[in-house]
Every structure is written in structure tokens, then in C-alpha cells.
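Trainee: Before I ask anything, let me first share the structure, which is written out below as C-alpha cells.
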Amino acid sequence: MSAAVTRTAYSAGVIIAAGCAISLMGFGPRSVMGFFQLPIITENGWGRDVFGLAIAVQNLFWGIGQPFAGAVADRFGVMKVLIGGILLYAAGLALMTLSSSPAVFTITSGVLIGFGLSGCSFNLVLAAFGKLLPPEKRPMALGFGTAAGSFGQFLFSPLAVGLINGAGWKMALLVFAGLILATLPLTIFLATTPRSSTQEPEANRRTLMQTLSQAFGHTSYILLILGFFTCGFQLAFITIHLPAYLKDVGIDPSIGPWVLALIGLFNIVGSIGSGYVMTRMPKRYLLALIYALRSVAIIALLVFPPSNVLVLAFGAAMGLLWLSTVPPTSSLVMTMFGTRDMAMLYGFAFFSHQVGGFLGGWLGGVFYEWYGNYDLVWWGSIALGFASAAINLPIVEKAAPLKAVPQPG
């Protein structure tokens with residue numbers, strides 16, 4: 001399997017800076033959707049289950065679109081996919097302001113934004129880093145690219161609340177759409193060379209089905225993507241429902257934005273730290289530790305009496321563990337299969353992540369409407385965290401066995 005780096009006229013610093021800017025702007029608006037829940041459902045007379053389902057659909061379609069976006073990026077270049085994703089993302093944000101029924105709201109905030117994110121989120125940025133940067137620069141670049149998304153969450157949390165309170169939720173979404181469009185010129189720095197099968201050694205030429213057969217026949221890859229399910233479940237549930245949960249338990253509403261901002265701020269440290277630590281310890285152990293510690297943090301949030309100090313500490317702790325799973329997960333995909341089909345194969349791992357995200361976001365709203373609280377989802381999230389810690393331990397960190405490619409004649 002080839003690990004060759006695509007030739008580029010730009011320096012590593014320029015590539016990383018452009019990718020981090022796109023990652024920041026792509027993840028920022030999506031990470032603060034929870035702040036829009038109460039204003040939107042109050043104005044439209046909906047329940048939390050309507051909002052939760054729409055954002056859950058967003059997670060699902062982000063996951064569904066990711067393998068296809070990755071396959072197109074691997075074949076035709078990352079830049080084209082980024083441009084399409086940015087345009088869909090901005091359109092979805094803008095059209096949310098015109099969504100007056102649950103069905104239309106689900107299409108705009110769920111389907112459009114979900115497909116948009118599959119083409120312009122940090123997943124494509126990390127794939128571009130894998131293709132454009134030399135191997136020695138990849139671990140830290142993966143950490144920086146992930147951390148940039150976290151910084152977007154830190155910046156957009158107070159920005160979202162300020163815009164919603166000062167100009168209304170519709171204007172806030174339109175501002176976000178404009179900011180997303182402003183990243184279009186940066187895509188040129190992440191342009192990768194379209195792959196031509198004639199440029200590869202004959203022994204390395206593989207069809208799509210041969211690549212997928214190799215990947216899904218590899219036990220360690222299956223374990224990796226199963227564990228990633230939990231990451232999506234926990235992140236989506238907390239992102240969508242934490243602000244409302246804090247209000248339910250009597251926390252001052254002004255604290256909610258700072259909790260999510262702290263998650264974003266400390267995630268910068270966690271993501272960069274993850275990129276550093278994974279060069280010094282087995283990645284499977286790092287993933288197991290992250291998943292287990294997340295469950296411990298959630299247990300602390302539930303068993304101790306609610307207070308401003310507790311929820312801020314939870315935000316800081318969860319921030320360290322938030323997207324720190326992404327660098328080791330994406331790196332393990334490259335370890336197993338190289339960079340040739342990185343975007344697509346990481347896309348399938350991310351699909352599992354987003355199926356978890358769909359269930360976390362949707363079940364949070366459903367169980368709240370049924371029981372008047374989030375307890376079942378919180379404790380389910382704890383159980384999933386410990387299960388994923390165990391699932392990651394047997395992963396073998398080496399190249400997957402390469403099945404022979406049948407040659408013509």
C-alpha cells in the first residue's frame with residue numbers, strides 16, 4: 001500500500017494553517033447548535049424531540065456522506081470536495097431561518113448541513129494533511145487540525161449566545177453562513193493531485209471493492225470503528241442537550257455557554273496533547289484511557305450536587321477528552337492501510353461515529369419528552385464509554401495484511 005505524499009507547491013506551515021482555519025470555521029457553528037434549541041422550539045412551539053431529531057439527522061447524514069466524500073476526495077482531489085461541502089453547509093445554515101415546520105427544519109438543519117459537513121469538516125482536512133505532509137509531520141498536524149475545530153467551539157460558544165441575545169437566532173445563523181463562505185479561498189492550499197491508476201505500480205492497483213474487502217476483513221479496523229461509535233454518541237448528546245440539562249438542574253443560564261467554551265478551549269490542549277502522546281505510547285491504550293476517563297467525568301457530573309464549579313470542572317475535563325480520540329483513530333487508519341484511501345476508510349470509521357451521534361442526539365430528546373429527564377442517556381453513555389475502552393485494547397497497530405490483487409490475464 002502506498003504512503004506517498006502528494007506533491008504541493010506550498011510549505012507545510014501554509015498547508016497546516018489553511019487546514020486549521022477551515023477546520024475551525026467548519027466545526028464552530030455546528031458545535032454550538034445546542035444554544036439554538038430553546039429559542040427555535042419556543043418560537044415554533046415544538047418539543048425538544050423535534051430539535052433533537054433534526055440535529056441527530058445532521059449527525060447521521062454527516063456520517064453517511066463521509067465515506068462517499070472521502071472516496072471522491074481520494075480519486076479527484078480534496079479541494080473540489082471542500083468547495084462543495086462549504087456551499088452546502090452555508091446553504092443549510094441560511095435556510096434554517098426559513099424552516100417553519102419540523103419536516104423542513106430537519107431537511108435544512110439535518111440533511112443539508114449534514115452532507116455539507118461531510119465535505120468540509122476536519123475529517124477532510126486531516127485526510128489532506130495525510131496526503132500532503134511528510135510522515136514525520138503528520139502526528140502533530142493531525143493534533144493541530146483537530147484542535148482547530150475545538151478552538152472554533154471555544155470561539156463560537158460566546159459568539160452564538162451574544163448574537164442570539166443581541167440580534168436573534170436567525171441573524172446568528174446568517175452570520176455563521178457568511179463566515180463559512182469566507183473559507184472558500186483557503187481550499188486551494190489543500191488541493192491534492194487527482195489519483196490516476198496508471199501512475200501506480202501494477203501490483204498496488206486495487207478496485208474500490210478490493211479495498212473495502214481488505215478493510216472490513218481486518219479485525220482491528222472493525223474494533224476501531226465500533227469504539228468510535230461511543231465517541232459520537234457522547235459528543236452529540238452533550239453538544240445538543242447539555243445547555244438545556246444545566247438549566248433543568250438549576251444552573252445559572254449564563255454558565256452554559258462557558259461550559260461549552262471550556263470544552264472547546266481544553267480540547268485544544270487535549271487534541272494537541274493526543275497528537276504528541278500517541279508518538280510515545282500505543283494508540284490503542286491512549287484510546288482506551290480516553291473513553292474510560294470520559295465515563296468517570298460523566299459519573300462525577302451526575303453524583304455530585306449541581307454547582308457552577310462542578311459543571312465548569314466537567315467542561316474542562318471533558319474538553320481534554322473531547323476530540324482527542326480523532327488523532328489516534330485517524331493515525332491508526334493510516335497505520336493499517338496507508339494514505340492512498342485514507343479519506344474513504346476514515347470516512348467509514350466516522351460513519352460509525354455519526355450513527356452514535358444520531359442516537360445520542362435523538363434519544364436525548366425522546367427520553368426527555370417521555371420521562372422529563374436525561375438520566376437514561378447519561379448512564380447509557382457511561383456504559384458505552386467503558387465498553388469502548390475494552391474494545392480498543394485488542395487492536396493490532398501494524399499494516400493490515402495485503403490481499404493479493406488479481407492481475408489480468
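Ordered as shown in the C-alpha cells, chains take letters A, B, and onward, while each chain numbers its residues from 1 and ligands are numbered from 1 in the order shown.
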Please, which residues in segment 208-286 of chain A fall within 12 Å of segment 299-303 of chain A when counting only C-alpha atoms, and what is the closest atom pair and distance in Å to one decimal for each, ordered by chain then residue number, as JSON lines?
Mentor:
```
{"residue": "A:Leu242", "atom": "CA", "partner": "A:Leu301", "partner_atom": "CA", "distance": 11.3}
{"residue": "A:Tyr245", "atom": "CA", "partner": "A:Leu302", "partner_atom": "CA", "distance": 11.2}
{"residue": "A:Leu246", "atom": "CA", "partner": "A:Leu301", "partner_atom": "CA", "distance": 10.6}
{"residue": "A:Val249", "atom": "CA", "partner": "A:Leu302", "partner_atom": "CA", "distance": 10.5}
```
Trainee: With a distance cut-off of 9 Å and only C-alpha atoms, select the neighbouring residues of Ile16 of chain A, excluding the residue or stretch itself and same-chain residues fewer than 2 positions from it, and output the selection as a list in words.
Mentor: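 Near Ile16 of chain A, the qualifying residues are Ser11, Ala12, Gly13, Val14, Ala18, Gly19, Cys20, Ala21, Val125, Phe129, Leu133, Ala141, Phe144, Gly145, Phe189 and Leu190 of chain A.
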Trainee: Looking at A:Thr42, A:Gln66, A:Ser388, A:Thr211, which one is nearest to Gly347 of chain A, with distances taken over only C-alpha atoms?
Mentor: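 Of the candidates, the smallest distance to Gly347 of chain A is held by A:Gln66.
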Trainee: Assign secondary structure with DSSP using the backbone only, and return the residues of segment 207-396 of chain A in helix (DSSP H, G or I) as a PyMOL selection string.
Mentor: chain A and resi 208-216+219-248+253-277+283-303+308-321+326-337+342-371+375-392
Trainee: Using only C-alpha atoms, can you tell me which of A:Pro185, A:Pro102, A:Lys398, A:Leu60 comes closest to Ser220 of chain A?
Mentor: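 Counting only C-alpha atoms, the residue closest to Ser220 of chain A is A:Lys398.
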Trainee: Mind running segment 24-82 of chain A against segment 261-275 of chain A at 10 Å and telling me each contacting residue's nearest atom pair with the distance in Å (one decimal), counting only C-alpha atoms, chain and number ascending, as JSON lines?
Mentor:
```
{"residue": "A:Gly28", "atom": "CA", "partner": "A:Gly264", "partner_atom": "CA", "distance": 9.2}
{"residue": "A:Ser31", "atom": "CA", "partner": "A:Gly264", "partner_atom": "CA", "distance": 9.0}
{"residue": "A:Val32", "atom": "CA", "partner": "A:Ala261", "partner_atom": "CA", "distance": 9.3}
```
Trainee: Please indicate the distance in Å from atom CA of Ile107 of chain A to atom CA of Ile41 of chain A, rounded to one decimal place.
Mentor: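 Separation between atom CA of Ile107 of chain A and atom CA of Ile41 of chain A: 16.0 Å.
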Trainee: I need the residue nearest Leu384 of chain A from this list: A:Phe176, A:Phe115, A:Phe156, A:Phe228. Use only C-alpha atoms for the distance.
Mentor: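 Of all the options, A:Phe228 lies closest to Leu384 of chain A.
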Trainee: Fewer than 3 positions away in the same chain doesn't count, so skip those; otherwise give me all residues within 10 Å of Leu212 of chain A, counting only C-alpha atoms, as a JSON list (two decimals) with N, CA, C and O atoms, in the first residue's frame.
Mentor:
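Listing of out_26.json after writing:
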```
[["chain", "number", "residue", "atom", "x", "y", "z"],
["A", 206, "ARG", "N", -5.82, -1.30, -7.00],
["A", 206, "ARG", "CA", -6.89, -2.03, -6.34],
["A", 206, "ARG", "C", -8.22, -1.35, -6.66],
["A", 206, "ARG", "O", -8.32, -0.14, -6.71],
["A", 207, "THR", "N", -9.24, -2.16, -6.84],
["A", 207, "THR", "CA", -10.56, -1.60, -7.05],
["A", 207, "THR", "C", -11.15, -1.17, -5.71],
["A", 207, "THR", "O", -10.64, -1.53, -4.63],
["A", 208, "LEU", "N", -12.23, -0.42, -5.78],
["A", 208, "LEU", "CA", -12.91, 0.01, -4.57],
["A", 208, "LEU", "C", -13.35, -1.18, -3.73],
["A", 208, "LEU", "O", -13.15, -1.21, -2.51],
["A", 209, "MET", "N", -13.92, -2.18, -4.36],
["A", 209, "MET", "CA", -14.41, -3.35, -3.63],
["A", 209, "MET", "C", -13.27, -4.13, -3.00],
["A", 209, "MET", "O", -13.43, -4.70, -1.91],
["A", 215, "ALA", "N", -10.37, -3.91, 4.15],
["A", 215, "ALA", "CA", -10.61, -3.15, 5.37],
["A", 215, "ALA", "C", -11.60, -3.86, 6.29],
["A", 215, "ALA", "O", -11.34, -4.05, 7.49],
["A", 216, "PHE", "N", -12.74, -4.28, 5.72],
["A", 216, "PHE", "CA", -13.77, -4.86, 6.57],
["A", 216, "PHE", "C", -13.51, -6.33, 6.88],
["A", 216, "PHE", "O", -14.27, -6.96, 7.63],
["A", 217, "GLY", "N", -12.45, -6.87, 6.33],
["A", 217, "GLY", "CA", -12.00, -8.20, 6.73],
["A", 217, "GLY", "C", -10.90, -8.14, 7.77],
["A", 217, "GLY", "O", -10.37, -9.18, 8.18],
["A", 218, "HIS", "N", -10.56, -6.93, 8.22],
["A", 218, "HIS", "CA", -9.47, -6.75, 9.19],
["A", 218, "HIS", "C", -10.08, -6.46, 10.57],
["A", 218, "HIS", "O", -10.73, -5.45, 10.78],
["A", 341, "ASP", "N", -6.15, 5.50, 0.39],
["A", 341, "ASP", "CA", -7.60, 5.57, 0.54],
["A", 341, "ASP", "C", -7.97, 6.09, 1.93],
["A", 341, "ASP", "O", -9.03, 5.75, 2.47],
["A", 344, "MET", "N", -11.49, 7.89, 2.49],
["A", 344, "MET", "CA", -12.64, 6.99, 2.43],
["A", 344, "MET", "C", -12.70, 6.07, 3.64],
["A", 344, "MET", "O", -13.75, 5.92, 4.28],
["A", 345, "LEU", "N", -11.56, 5.45, 4.00],
["A", 345, "LEU", "CA", -11.58, 4.49, 5.08],
["A", 345, "LEU", "C", -11.78, 5.16, 6.44],
["A", 345, "LEU", "O", -12.45, 4.61, 7.32],
["A", 348, "PHE", "N", -15.51, 5.77, 6.75],
["A", 348, "PHE", "CA", -16.34, 4.70, 7.28],
["A", 348, "PHE", "C", -16.25, 4.63, 8.80],
["A", 348, "PHE", "O", -17.25, 4.37, 9.49]]
```
